file query_0.cif (mmCIF, C-alpha atoms and all ligand atoms)
data_protein
#
loop_
_atom_site.label_atom_id
_atom_site.label_comp_id
_atom_site.auth_asym_id
_atom_site.auth_seq_id
_atom_site.Cartn_x
_atom_site.Cartn_y
_atom_site.Cartn_z
CA MET A 4 0.00 0.00 0.00
CA VAL A 5 1.24 3.48 -0.85
CA PHE A 6 0.46 6.94 0.54
CA PHE A 7 1.77 10.32 -0.59
CA HIS A 8 2.57 12.88 2.11
CA THR A 9 2.66 16.54 1.14
CA ALA A 10 2.05 19.88 2.91
CA ASP A 11 2.60 23.63 2.69
CA LEU A 12 1.66 24.03 -0.95
CA HIS A 13 0.47 27.59 -0.19
CA LEU A 14 -1.50 27.65 -3.45
CA GLY A 15 -2.45 31.13 -4.60
CA ALA A 16 0.40 32.75 -2.64
CA GLY A 17 1.27 36.32 -3.58
CA MET A 18 5.00 36.16 -4.26
CA GLU A 19 5.42 39.76 -5.34
CA ALA A 20 7.73 40.41 -2.39
CA ASN A 21 10.16 37.83 -3.78
CA MET A 22 9.95 38.52 -7.51
CA PRO A 23 8.44 40.86 -10.14
CA GLN A 24 4.70 40.70 -10.79
CA ASP A 25 4.91 38.73 -14.06
CA LYS A 26 7.24 36.11 -12.56
CA ALA A 27 5.04 35.81 -9.46
CA ALA A 28 1.95 35.23 -11.64
CA GLU A 29 3.84 32.60 -13.66
CA ARG A 30 5.04 30.93 -10.47
CA ARG A 31 1.50 30.83 -9.03
CA LEU A 32 0.35 28.84 -12.07
CA GLU A 33 3.38 26.59 -11.78
CA LEU A 34 2.58 25.80 -8.15
CA LEU A 35 -0.88 24.66 -9.20
CA GLU A 36 0.68 22.51 -11.91
CA THR A 37 3.06 21.03 -9.32
CA PHE A 38 0.03 19.93 -7.31
CA SER A 39 -1.40 18.35 -10.46
CA ALA A 40 1.93 16.61 -11.20
CA LEU A 41 2.12 15.26 -7.64
CA VAL A 42 -1.42 13.87 -7.89
CA ASN A 43 -0.61 12.23 -11.24
CA GLU A 44 2.40 10.57 -9.60
CA ALA A 45 0.17 9.33 -6.78
CA GLN A 46 -2.26 7.88 -9.31
CA LYS A 47 0.60 6.16 -11.18
CA ALA A 48 1.92 4.73 -7.90
CA ASP A 49 -1.56 3.38 -7.21
CA ALA A 50 -1.60 5.30 -3.91
CA SER A 51 -4.56 4.88 -1.56
CA ALA A 52 -4.54 8.53 -0.48
CA VAL A 53 -2.72 11.84 -0.72
CA LEU A 54 -2.15 13.21 2.80
CA ILE A 55 -2.09 17.02 2.82
CA ALA A 56 -0.76 18.09 6.23
CA GLY A 57 -1.89 21.71 6.16
CA ASP A 58 -1.44 24.97 4.27
CA LEU A 59 -2.91 23.70 1.01
CA PHE A 60 -3.84 27.33 0.37
CA ASP A 61 -1.92 30.45 1.33
CA THR A 62 -4.89 32.40 2.60
CA GLU A 63 -8.23 31.83 4.28
CA THR A 64 -10.01 33.03 1.14
CA PRO A 65 -8.19 31.62 -1.89
CA ALA A 66 -9.24 32.95 -5.32
CA PRO A 67 -12.05 30.92 -6.98
CA THR A 68 -9.75 30.16 -9.96
CA THR A 69 -7.22 28.58 -7.57
CA VAL A 70 -9.89 26.55 -5.76
CA ASN A 71 -11.45 25.45 -9.07
CA ARG A 72 -8.14 24.19 -10.41
CA VAL A 73 -7.51 22.18 -7.22
CA ALA A 74 -11.06 20.80 -7.33
CA SER A 75 -10.72 19.79 -10.98
CA VAL A 76 -7.45 17.93 -10.27
CA ILE A 77 -9.07 16.07 -7.36
CA GLU A 78 -12.22 15.31 -9.37
CA ALA A 79 -10.12 13.85 -12.17
CA HIS A 80 -8.84 11.18 -9.75
CA PRO A 81 -11.96 9.67 -8.18
CA GLY A 82 -10.09 6.53 -7.12
CA LEU A 83 -7.67 8.51 -4.99
CA ASP A 84 -8.55 9.87 -1.53
CA PHE A 85 -7.39 13.27 -0.31
CA LEU A 86 -7.06 13.54 3.47
CA ILE A 87 -6.71 17.23 4.28
CA LEU A 88 -5.71 19.01 7.45
CA ALA A 89 -6.13 22.78 7.70
CA GLY A 90 -2.87 24.58 8.48
CA ASN A 91 -2.29 27.93 10.11
CA HIS A 92 -2.72 29.62 6.70
CA ASP A 93 -5.93 27.86 5.67
CA GLY A 94 -9.31 28.94 6.87
CA GLU A 95 -12.33 26.74 6.58
CA LEU A 96 -11.76 24.91 3.29
CA PRO A 97 -14.10 25.87 0.39
CA VAL A 98 -17.29 23.83 0.07
CA SER A 99 -16.57 23.16 -3.62
CA LEU A 100 -13.63 21.12 -2.35
CA THR A 101 -14.97 19.58 0.83
CA SER A 102 -18.15 18.42 -0.95
CA LEU A 103 -16.15 16.14 -3.27
CA ALA A 104 -16.64 12.44 -2.49
CA ASN A 105 -12.90 11.67 -2.32
CA VAL A 106 -12.01 14.66 -0.06
CA HIS A 107 -11.92 14.15 3.70
CA VAL A 108 -11.10 17.07 5.98
CA PHE A 109 -10.02 16.50 9.58
CA PRO A 110 -11.93 18.45 12.24
CA ALA A 111 -10.20 21.51 13.69
CA ASP A 112 -10.69 20.61 17.34
CA ARG A 113 -10.82 16.81 17.70
CA PRO A 114 -9.11 13.81 16.10
CA ALA A 115 -10.72 11.76 13.35
CA CYS A 116 -9.57 8.55 11.65
CA TYR A 117 -9.78 7.10 8.14
CA ARG A 118 -8.94 3.45 7.57
CA TYR A 119 -7.25 1.75 4.64
CA GLY A 120 -7.02 -1.94 5.57
CA GLU A 121 -4.43 -2.24 8.32
CA VAL A 122 -3.54 1.44 8.06
CA ALA A 123 -5.30 3.97 10.29
CA VAL A 124 -4.77 7.62 9.35
CA TYR A 125 -5.53 10.01 12.20
CA GLY A 126 -5.50 13.78 12.04
CA CYS A 127 -6.54 16.83 14.02
CA GLY A 128 -6.45 20.54 13.19
CA ASP A 129 -5.23 21.26 16.73
CA CYS A 130 -1.64 19.98 16.89
CA THR A 131 -1.48 20.40 20.67
CA ARG A 132 -4.11 17.71 21.32
CA PRO A 133 -2.43 15.09 23.56
CA PRO A 134 -1.83 11.54 22.19
CA ASP A 135 -4.30 10.24 24.80
CA ASP A 136 -7.09 11.75 22.67
CA PHE A 137 -6.08 9.57 19.68
CA PRO A 138 -7.21 5.95 20.14
CA LEU A 139 -4.17 4.39 18.44
CA ALA A 140 -4.24 0.57 18.59
CA GLU A 141 -0.94 -1.27 18.95
CA GLY A 142 -1.90 -3.76 16.23
CA ASP A 143 -2.69 -1.08 13.60
CA CYS A 144 -0.27 0.65 11.32
CA ASN A 145 -0.77 4.22 12.58
CA ILE A 146 -0.26 7.47 10.71
CA VAL A 147 -0.99 10.75 12.52
CA MET A 148 -1.31 14.01 10.56
CA LEU A 149 -0.59 17.28 12.38
CA HIS A 150 0.41 20.83 11.41
CA GLY A 151 2.80 22.73 13.64
CA GLU A 152 6.32 23.00 14.98
CA THR A 153 7.85 20.13 16.91
CA SER A 154 9.47 20.50 20.30
CA GLU A 155 10.85 18.35 23.09
CA SER A 156 8.62 19.95 25.68
CA ALA A 157 5.00 20.72 26.32
CA THR A 158 4.19 23.99 24.54
CA GLN A 159 1.07 26.03 24.01
CA THR A 160 1.43 25.96 20.24
CA GLY A 161 3.53 23.01 19.10
CA ILE A 162 3.78 19.24 18.87
CA ASP A 163 5.42 17.70 21.94
CA LEU A 164 7.47 14.83 20.46
CA ARG A 165 8.18 13.37 23.92
CA ALA A 166 4.45 12.82 24.43
CA TRP A 167 4.16 10.93 21.13
CA ARG A 168 6.97 8.45 21.84
CA GLY A 169 5.92 4.92 22.78
CA ARG A 170 2.34 5.58 21.63
CA HIS A 171 2.26 3.08 18.70
CA VAL A 172 2.86 5.78 16.08
CA ASP A 173 4.36 4.47 12.84
CA TYR A 174 4.52 7.80 11.08
CA LEU A 175 3.78 11.41 12.07
CA ALA A 176 2.89 13.16 8.78
CA LEU A 177 3.64 16.79 9.58
CA GLY A 178 3.28 20.15 7.93
CA HIS A 179 4.52 23.67 8.77
CA TYR A 180 8.27 23.63 8.04
CA HIS A 181 8.95 24.11 4.33
CA ARG A 182 12.04 21.90 4.17
CA ALA A 183 11.59 18.13 3.91
CA ASP A 184 12.98 16.20 6.86
CA ILE A 185 12.49 12.57 7.93
CA CYS A 186 13.58 11.68 11.49
CA PRO A 187 13.23 8.72 13.82
CA LEU A 188 10.59 9.18 16.53
CA ASP A 189 11.09 6.09 18.71
CA SER A 190 11.92 2.40 18.21
CA ARG A 191 8.76 1.98 16.15
CA GLY A 192 8.00 5.11 14.18
CA SER A 193 9.31 8.19 12.45
CA TYR A 194 8.15 11.78 12.01
CA ALA A 195 8.56 13.88 8.92
CA TYR A 196 7.91 17.25 7.34
CA ALA A 197 7.18 16.88 3.64
CA GLY A 198 8.29 20.47 2.98
CA CYS A 199 6.68 22.47 0.21
CA PRO A 200 6.57 20.64 -3.15
CA ALA A 201 7.78 23.75 -5.00
CA ALA A 202 9.69 26.86 -3.91
CA HIS A 203 7.97 30.22 -3.45
CA GLY A 204 11.16 32.23 -3.13
CA PHE A 205 14.83 32.24 -2.24
CA ASP A 206 14.19 31.09 1.32
CA GLU A 207 13.09 27.76 -0.14
CA CYS A 208 16.18 26.69 -2.06
CA GLY A 209 17.19 23.17 -2.99
CA GLU A 210 15.24 20.07 -3.92
CA LYS A 211 11.50 20.08 -3.32
CA GLY A 212 9.10 17.16 -3.56
CA TYR A 213 6.91 14.85 -1.50
CA ILE A 214 7.31 11.85 0.80
CA ARG A 215 6.20 8.48 -0.50
CA LEU A 216 5.11 6.04 2.19
CA THR A 217 5.24 2.36 1.36
CA VAL A 218 3.41 0.08 3.79
CA GLU A 219 4.58 -3.52 3.84
CA ASN A 220 3.80 -6.08 6.55
CA GLY A 221 2.53 -3.29 8.79
CA ARG A 222 5.75 -1.30 8.48
CA ILE A 223 6.05 2.12 6.87
CA THR A 224 9.06 3.15 4.79
CA PRO A 225 9.11 6.89 4.04
CA VAL A 226 11.20 8.09 1.10
CA PHE A 227 11.61 11.69 -0.08
CA VAL A 228 10.95 11.99 -3.82
CA PRO A 229 12.03 15.21 -5.57
CA LEU A 230 9.68 16.72 -8.14
CA PRO A 231 11.02 18.19 -11.38
CA GLY A 232 10.56 21.92 -11.98
CA ARG A 233 12.05 25.28 -11.28
CA ARG A 234 14.39 25.56 -8.31
CA MET A 235 15.75 28.54 -6.43
CA HIS A 236 19.44 29.08 -5.75
CA ALA A 237 20.91 31.58 -3.30
CA PHE A 238 24.65 31.94 -2.83
CA SER A 239 27.43 34.49 -2.59
CA VAL A 240 30.37 35.22 -4.88
CA ASP A 241 33.56 36.83 -3.65
CA VAL A 242 34.64 39.50 -6.12
CA SER A 243 37.58 40.83 -4.10
CA ASP A 244 40.39 42.29 -6.18
CA SER A 245 38.43 42.14 -9.42
CA GLU A 246 40.07 45.04 -11.23
CA SER A 247 37.41 45.31 -13.93
CA PRO A 248 33.69 44.69 -14.39
CA ASP A 249 34.68 42.05 -16.99
CA LEU A 250 36.44 40.02 -14.32
CA ILE A 251 33.46 40.32 -11.96
CA GLN A 252 31.19 39.21 -14.78
CA SER A 253 33.30 36.15 -15.55
CA ARG A 254 33.38 35.19 -11.86
CA LEU A 255 29.59 35.46 -11.79
CA TYR A 256 29.29 33.37 -14.95
CA GLU A 257 31.53 30.73 -13.44
CA ALA A 258 29.35 30.55 -10.31
CA CYS A 259 26.12 30.22 -12.33
CA ARG A 260 27.45 27.91 -15.07
CA ASP A 261 25.88 24.68 -13.79
CA ILE A 262 22.53 26.18 -12.78
CA PRO A 263 19.73 25.21 -15.20
CA ALA A 264 18.30 28.05 -17.30
CA GLN A 265 14.79 27.57 -15.85
CA ASP A 266 15.96 28.29 -12.27
CA GLY A 267 15.97 31.44 -10.17
CA ILE A 268 19.23 32.86 -8.83
CA ARG A 269 20.01 35.24 -5.98
CA VAL A 270 23.65 36.22 -5.82
CA GLU A 271 25.22 38.25 -3.09
CA LEU A 272 28.47 39.87 -4.15
CA LYS A 273 30.95 39.92 -1.31
CA GLY A 274 34.54 40.90 -0.70
CA THR A 275 36.47 44.15 -0.85
CA LEU A 276 36.82 46.49 -3.80
CA PRO A 277 39.04 49.56 -4.10
CA PRO A 278 37.29 52.97 -3.78
CA GLY A 279 37.44 53.65 -7.51
CA ALA A 280 36.16 50.24 -8.63
CA SER A 281 32.86 50.09 -10.42
CA LEU A 282 30.34 47.35 -9.75
CA PRO A 283 27.56 47.69 -12.33
CA THR A 284 25.03 45.39 -10.66
CA ALA A 285 22.16 46.41 -12.95
CA ALA A 286 24.19 45.55 -16.06
CA LEU A 287 25.39 42.26 -14.55
CA LYS A 288 21.80 41.36 -13.68
CA LYS A 289 20.70 42.06 -17.28
CA VAL A 290 23.39 39.78 -18.66
CA LEU A 291 22.48 36.91 -16.33
CA GLU A 292 18.79 37.39 -17.08
CA GLN A 293 19.54 36.39 -20.67
CA THR A 294 20.48 32.89 -19.50
CA HIS A 295 18.34 32.38 -16.38
CA TRP A 296 14.66 32.69 -15.47
CA PHE A 297 15.01 35.19 -12.65
CA VAL A 298 18.03 36.93 -11.19
CA LYS A 299 18.58 39.06 -8.10
CA ILE A 300 21.97 40.60 -7.34
CA LYS A 301 22.78 42.11 -3.99
CA ASP A 302 25.90 44.21 -3.56
CA SER A 303 27.41 43.48 -0.14
CA THR A 304 30.98 44.37 -1.06
CA VAL A 305 32.90 46.69 1.21
CA CYS A 306 35.17 49.48 0.16
CA LYS A 307 38.83 48.60 0.59
CA ALA A 308 39.45 52.06 1.93
CA GLU A 309 37.85 51.24 5.27
CA ALA A 310 37.07 54.16 7.52
CA ASP A 311 39.81 52.92 9.88
CA ALA A 312 42.48 53.52 7.29
CA TYR A 313 41.49 57.20 7.22
CA ARG A 314 40.91 57.63 10.95
CA HIS A 315 44.09 59.64 11.38
CA ASP A 316 44.14 61.18 7.92
CA ILE A 317 43.46 64.86 8.58
CA SER A 318 43.59 65.87 4.93
CA LEU A 319 40.44 67.05 3.18
CA ALA A 320 40.39 63.82 1.10
CA GLY A 321 40.65 61.69 4.28
CA THR A 322 37.81 63.58 5.98
CA PHE A 323 35.70 63.31 2.82
CA ILE A 324 36.25 59.53 2.43
CA ARG A 325 35.53 58.97 6.11
CA LEU A 326 32.26 60.89 5.84
CA VAL A 327 31.07 59.02 2.74
CA LEU A 328 31.88 55.61 4.24
CA GLU A 329 29.98 56.51 7.38
CA GLU A 330 26.93 57.99 5.68
CA GLU A 331 26.44 55.96 2.50
CA ASN A 332 24.99 52.45 2.87
CA ASP A 333 25.15 51.46 -0.79
CA PRO A 334 28.76 50.29 -1.30
CA ASP A 335 28.69 50.85 -5.06
CA LEU A 336 27.41 54.39 -4.65
CA ALA A 337 29.99 55.01 -1.88
CA ARG A 338 32.80 53.93 -4.20
CA GLU A 339 31.50 56.14 -7.00
CA ILE A 340 31.13 59.20 -4.73
CA ILE A 341 34.63 58.70 -3.30
CA SER A 342 36.10 58.20 -6.73
CA LEU A 343 34.50 61.41 -8.11
CA GLY A 344 35.16 63.38 -4.93
CA VAL A 345 38.83 62.47 -4.66
CA ALA A 346 39.33 63.30 -8.36
CA ALA A 347 37.58 66.67 -7.85
CA LEU A 348 39.78 67.45 -4.83
CA ARG A 349 42.84 66.69 -6.94
CA GLY A 350 41.48 69.14 -9.49
CA GLU A 351 41.00 66.47 -12.15
CA GLU A 352 38.36 66.71 -14.83
CA THR A 353 35.60 64.19 -14.27
CA GLU A 354 32.97 62.96 -16.64
CA LEU A 355 29.53 62.46 -15.12
MN MN B 1 3.31 26.62 5.65
#
call {"tool": "encode", "arguments": {"input": "query_0.cif", "output": "structure tokens"}}
result
Amino acid sequence: MVFFHTADLHLGAGMEANMPQDKAAERRLELLETFSALVNEAQKADASAVLIAGDLFDTETPAPTTVNRVASVIEAHPGLDFLILAGNHDGELPVSLTSLANVHVFPADRPACYRYGEVAVYGCGDCTRPPDDFPLAEGDCNIVMLHGETSESATQTGIDLRAWRGRHVDYLALGHYHRADICPLDSRGSYAYAGCPAAHGFDECGEKGYIRLTVENGRITPVFVPLPGRRMHAFSVDVSDSESPDLIQSRLYEACRDIPAQDGIRVELKGTLPPGASLPTAALKKVLEQTHWFVKIKDSTVCKAEADAYRHDISLAGTFIRLVLEEENDPDLAREIISLGVAALRGEETEL
């Protein structure tokens, strides 16, 4: 018997804070298609049910187009059950979804159970409900779906792992954290976050997918399965001592060479550059945008002429450089101002 564990799809999420409007709109459609792809995989694997451990939608009132797409995917797979838990982002799930014959939503305040032969799938919208409230039988293969953060102590808001140990749990199917993680719970069971099946931004880098649960002889084997699609990459590149923009560009190219064209990239440029050096981040971004889906470049370089070096320099140039370094937060602008200012103080002609 097979089950698919997913969570934190956040369908319909506004991602405009992470990317431009057109990319965010494209990504929203892609997230819906990821859900469809996951369900197709479940159908192919002859899964009994897709377990959605919370945050199917990003808001309490998802757009009708988003809900309709989800409903049409679920309707197209009548042989597959969808066991849904509301997360902290979901409100009451739309009736057009909950009224479907193969959709089962767990109550918000008390545990419920759905059976598939020897497998009992429990769930409760309130993740702080104690294990005593769940009638887990030792002879069953027990899955418990919850949405929240785990802890090793009793908390007001989270899942107390200590309380769940030795309670005949075979698998805690969790949602809330967006990174997939499978961990042992006790000598019998494990607990896992499925993570989000597709990234919403640069805080969700790396492989994304779902957890496939195979039940054999009453034992559950969870395996993380990555889904194909766009990924996000965030890293830094040290551009210290790059004398020219060409050199910076080639270092950037080198760092991005193996990243697929369909992926998003956020690069932070680090290191020290001399006061006169130019770092044309806008131009570099444009170049990278020709080869990759979405690019963000952050300039975190520091000016080589650190304020310290000019602490005892009482010349006009020293005072000027010190002032600019103290007042200007944008390192590229600081370098440009210093470069122009020092040239002006020397009486050189400058081109603006
Ligand atoms: Mn979430």
call {"tool": "atom_distance", "arguments": {"input": "query_0.cif", "atom1": "CA of Lys273 in chain A", "atom2": "CA of His203 in chain A"}}
result
25.0 Å
call {"tool": "residues_near_point", "arguments": {"input": "query_0.cif", "point": "(-5.9, 27.9, -1.9)", "cutoff": "9 Å", "atoms": "all atoms listed in the file", "output": "list in words"}}
result
Leu12, His13, Leu14, Gly15, Ala16, Asp58, Leu59, Phe60, Asp61, Thr62, Glu63, Thr64, Pro65, Ala66, Pro67, Thr69, Val70, Val73, Asp93, Leu96 and Pro97 of chain A
call {"tool": "residues_near_ligand", "arguments": {"input": "query_0.cif", "ligand": "ligand MN 1 (chain B)", "cutoff": "8 Å", "atoms": "all atoms listed in the file", "output": "ChimeraX atom specification"}}
result
/A:10-13,57-58,61,90-92,178-181,199
call {"tool": "closest_residue", "arguments": {"input": "query_0.cif", "among": "A:Leu291, A:Leu272, A:Ile55, A:Leu282", "to": "Tyr256 in chain A", "atoms": "all atoms listed in the file"}}
result
A:Leu291
call {"tool": "closest_residue", "arguments": {"input": "query_0.cif", "among": "A:Glu155, A:Asp241, A:Asp173, A:Glu33", "to": "Gly142 in chain A", "atoms": "all atoms listed in the file"}}
result
A:Asp173
call {"tool": "atom_distance", "arguments": {"input": "query_0.cif", "atom1": "CA of Ala56 in chain A", "atom2": "CA of Val147 in chain A"}}
result
9.7 Å
call {"tool": "residues_around", "arguments": {"input": "query_0.cif", "residues": "Lys26 in chain A", "least_positions_apart": "2", "cutoff": "12 Å", "atoms": "all atoms listed in the file", "output": "list in words"}}
result
Gly17, Met18, Glu19, Ala20, Asn21, Met22, Pro23, Gln24, Ala28, Glu29, Arg30, Arg31, Leu32, Glu33, His203, Gly204, Arg233, Gln265, Asp266, Gly267, Trp296, Phe297 and Val298 of chain A
call {"tool": "atom_distance", "arguments": {"input": "query_0.cif", "atom1": "CA of Ala183 in chain A", "atom2": "CA of Phe227 in chain A"}}
result
7.6 Å
call {"tool": "residues_around", "arguments": {"input": "query_0.cif", "residues": "Pro225 in chain A", "least_positions_apart": "5", "cutoff": "8 Å", "atoms": "all atoms listed in the file", "output": "number ranges by chain"}}
result
A: 185, 214-217
call {"tool": "residues_around", "arguments": {"input": "query_0.cif", "residues": "Leu230 in chain A", "least_positions_apart": "3", "cutoff": "9 Å", "atoms": "all atoms listed in the file", "output": "PyMOL selection string"}}
result
chain A and resi 37+40-41+200-201+210-213
call {"tool": "residues_around", "arguments": {"input": "query_0.cif", "residues": "Met4 in chain A", "least_positions_apart": "2", "cutoff": "9 Å", "atoms": "all atoms listed in the file", "output": "PyMOL selection string"}}
result
chain A and resi 6+49-51+119+122+216-219
call {"tool": "residues_around", "arguments": {"input": "query_0.cif", "residues": "Gly169 in chain A", "least_positions_apart": "4", "cutoff": "9 Å", "atoms": "all atoms listed in the file", "output": "list in words"}}
result
Arg165, Leu188, Asp189, Ser190, Arg191 and Gly192 of chain A
call {"tool": "axis_aligned_box", "arguments": {"input": "query_0.cif", "around": "range 176-190 of chain A", "padding_each_side": "4 Å", "output": "lines of an AutoDock Vina configuration file"}}
result
center_x = 8.2
center_y = 13.3
center_z = 11.3
size_x = 18.7
size_y = 29.7
size_z = 22.8
call {"tool": "closest_residue", "arguments": {"input": "query_0.cif", "among": "A:Leu175, A:Leu343, A:Lys47, A:Pro114", "to": "Pro187 in chain A", "atoms": "all atoms listed in the file"}}
result
A:Leu175
call {"tool": "closest_residue", "arguments": {"input": "query_0.cif", "among": "A:Ala258, A:Ala264, A:Ile251, A:Cys144", "to": "Gly232 in chain A", "atoms": "only C-alpha atoms"}}
result
A:Ala264
call {"tool": "closest_residue", "arguments": {"input": "query_0.cif", "among": "A:Leu336, A:Glu257, A:Thr131, A:Ala176", "to": "Thr160 in chain A", "atoms": "all atoms listed in the file"}}
result
A:Thr131
call {"tool": "build_atoms", "arguments": {"input": "query_0.cif", "residues": "range 119-142 of chain A", "atoms": "N, CA and C atoms", "output": "PDB file, keeping the file's coordinate frame"}}
result
ATOM      1  N   TYR A 119      -7.591   2.392   5.906  1.00  0.00           N
ATOM      2  CA  TYR A 119      -7.250   1.750   4.640  1.00  0.00           C
ATOM      3  C   TYR A 119      -6.652   0.393   5.000  1.00  0.00           C
ATOM      4  N   GLY A 120      -7.492  -0.619   5.142  1.00  0.00           N
ATOM      5  CA  GLY A 120      -7.020  -1.940   5.570  1.00  0.00           C
ATOM      6  C   GLY A 120      -6.386  -1.840   6.939  1.00  0.00           C
ATOM      7  N   GLU A 121      -5.133  -2.238   7.026  1.00  0.00           N
ATOM      8  CA  GLU A 121      -4.430  -2.240   8.320  1.00  0.00           C
ATOM      9  C   GLU A 121      -3.948  -0.838   8.718  1.00  0.00           C
ATOM     10  N   VAL A 122      -4.058   0.101   7.781  1.00  0.00           N
ATOM     11  CA  VAL A 122      -3.540   1.440   8.060  1.00  0.00           C
ATOM     12  C   VAL A 122      -4.648   2.364   8.587  1.00  0.00           C
ATOM     13  N   ALA A 123      -4.374   2.998   9.718  1.00  0.00           N
ATOM     14  CA  ALA A 123      -5.300   3.970  10.290  1.00  0.00           C
ATOM     15  C   ALA A 123      -4.652   5.349  10.199  1.00  0.00           C
ATOM     16  N   VAL A 124      -5.317   6.266   9.483  1.00  0.00           N
ATOM     17  CA  VAL A 124      -4.770   7.620   9.350  1.00  0.00           C
ATOM     18  C   VAL A 124      -5.564   8.565  10.245  1.00  0.00           C
ATOM     19  N   TYR A 125      -4.906   9.065  11.272  1.00  0.00           N
ATOM     20  CA  TYR A 125      -5.530  10.010  12.200  1.00  0.00           C
ATOM     21  C   TYR A 125      -5.091  11.428  11.833  1.00  0.00           C
ATOM     22  N   GLY A 126      -5.888  12.399  12.259  1.00  0.00           N
ATOM     23  CA  GLY A 126      -5.500  13.780  12.040  1.00  0.00           C
ATOM     24  C   GLY A 126      -6.344  14.676  12.927  1.00  0.00           C
ATOM     25  N   CYS A 127      -5.797  15.863  13.217  1.00  0.00           N
ATOM     26  CA  CYS A 127      -6.540  16.830  14.020  1.00  0.00           C
ATOM     27  C   CYS A 127      -5.976  18.218  13.710  1.00  0.00           C
ATOM     28  N   GLY A 128      -6.881  19.182  13.511  1.00  0.00           N
ATOM     29  CA  GLY A 128      -6.450  20.540  13.190  1.00  0.00           C
ATOM     30  C   GLY A 128      -5.685  21.192  14.340  1.00  0.00           C
ATOM     31  N   ASP A 129      -5.920  20.705  15.551  1.00  0.00           N
ATOM     32  CA  ASP A 129      -5.230  21.260  16.730  1.00  0.00           C
ATOM     33  C   ASP A 129      -4.037  20.337  17.051  1.00  0.00           C
ATOM     34  N   CYS A 130      -2.829  20.843  16.745  1.00  0.00           N
ATOM     35  CA  CYS A 130      -1.640  19.980  16.890  1.00  0.00           C
ATOM     36  C   CYS A 130      -1.223  19.797  18.340  1.00  0.00           C
ATOM     37  N   THR A 131      -1.859  20.538  19.249  1.00  0.00           N
ATOM     38  CA  THR A 131      -1.480  20.400  20.670  1.00  0.00           C
ATOM     39  C   THR A 131      -2.327  19.347  21.394  1.00  0.00           C
ATOM     40  N   ARG A 132      -3.283  18.737  20.681  1.00  0.00           N
ATOM     41  CA  ARG A 132      -4.110  17.710  21.320  1.00  0.00           C
ATOM     42  C   ARG A 132      -3.205  16.568  21.799  1.00  0.00           C
ATOM     43  N   PRO A 133      -3.327  16.130  23.043  1.00  0.00           N
ATOM     44  CA  PRO A 133      -2.430  15.090  23.560  1.00  0.00           C
ATOM     45  C   PRO A 133      -2.703  13.733  22.905  1.00  0.00           C
ATOM     46  N   PRO A 134      -1.681  12.866  22.806  1.00  0.00           N
ATOM     47  CA  PRO A 134      -1.830  11.540  22.190  1.00  0.00           C
ATOM     48  C   PRO A 134      -2.941  10.714  22.840  1.00  0.00           C
ATOM     49  N   ASP A 135      -3.233  10.967  24.108  1.00  0.00           N
ATOM     50  CA  ASP A 135      -4.300  10.240  24.800  1.00  0.00           C
ATOM     51  C   ASP A 135      -5.646  10.388  24.078  1.00  0.00           C
ATOM     52  N   ASP A 136      -5.822  11.495  23.372  1.00  0.00           N
ATOM     53  CA  ASP A 136      -7.090  11.750  22.670  1.00  0.00           C
ATOM     54  C   ASP A 136      -7.205  10.955  21.361  1.00  0.00           C
ATOM     55  N   PHE A 137      -6.081  10.337  20.933  1.00  0.00           N
ATOM     56  CA  PHE A 137      -6.080   9.570  19.680  1.00  0.00           C
ATOM     57  C   PHE A 137      -6.084   8.079  20.059  1.00  0.00           C
ATOM     58  N   PRO A 138      -7.146   7.355  19.726  1.00  0.00           N
ATOM     59  CA  PRO A 138      -7.210   5.950  20.140  1.00  0.00           C
ATOM     60  C   PRO A 138      -6.364   5.017  19.265  1.00  0.00           C
ATOM     61  N   LEU A 139      -5.044   5.199  19.279  1.00  0.00           N
ATOM     62  CA  LEU A 139      -4.170   4.390  18.440  1.00  0.00           C
ATOM     63  C   LEU A 139      -4.071   2.968  19.000  1.00  0.00           C
ATOM     64  N   ALA A 140      -4.317   1.968  18.148  1.00  0.00           N
ATOM     65  CA  ALA A 140      -4.240   0.570  18.590  1.00  0.00           C
ATOM     66  C   ALA A 140      -2.863   0.018  18.237  1.00  0.00           C
ATOM     67  N   GLU A 141      -2.284  -0.741  19.145  1.00  0.00           N
ATOM     68  CA  GLU A 141      -0.940  -1.270  18.950  1.00  0.00           C
ATOM     69  C   GLU A 141      -0.839  -2.126  17.687  1.00  0.00           C
ATOM     70  N   GLY A 142      -1.924  -2.850  17.377  1.00  0.00           N
ATOM     71  CA  GLY A 142      -1.900  -3.760  16.230  1.00  0.00           C
ATOM     72  C   GLY A 142      -2.107  -3.095  14.882  1.00  0.00           C
TER      73      GLY A 142
END
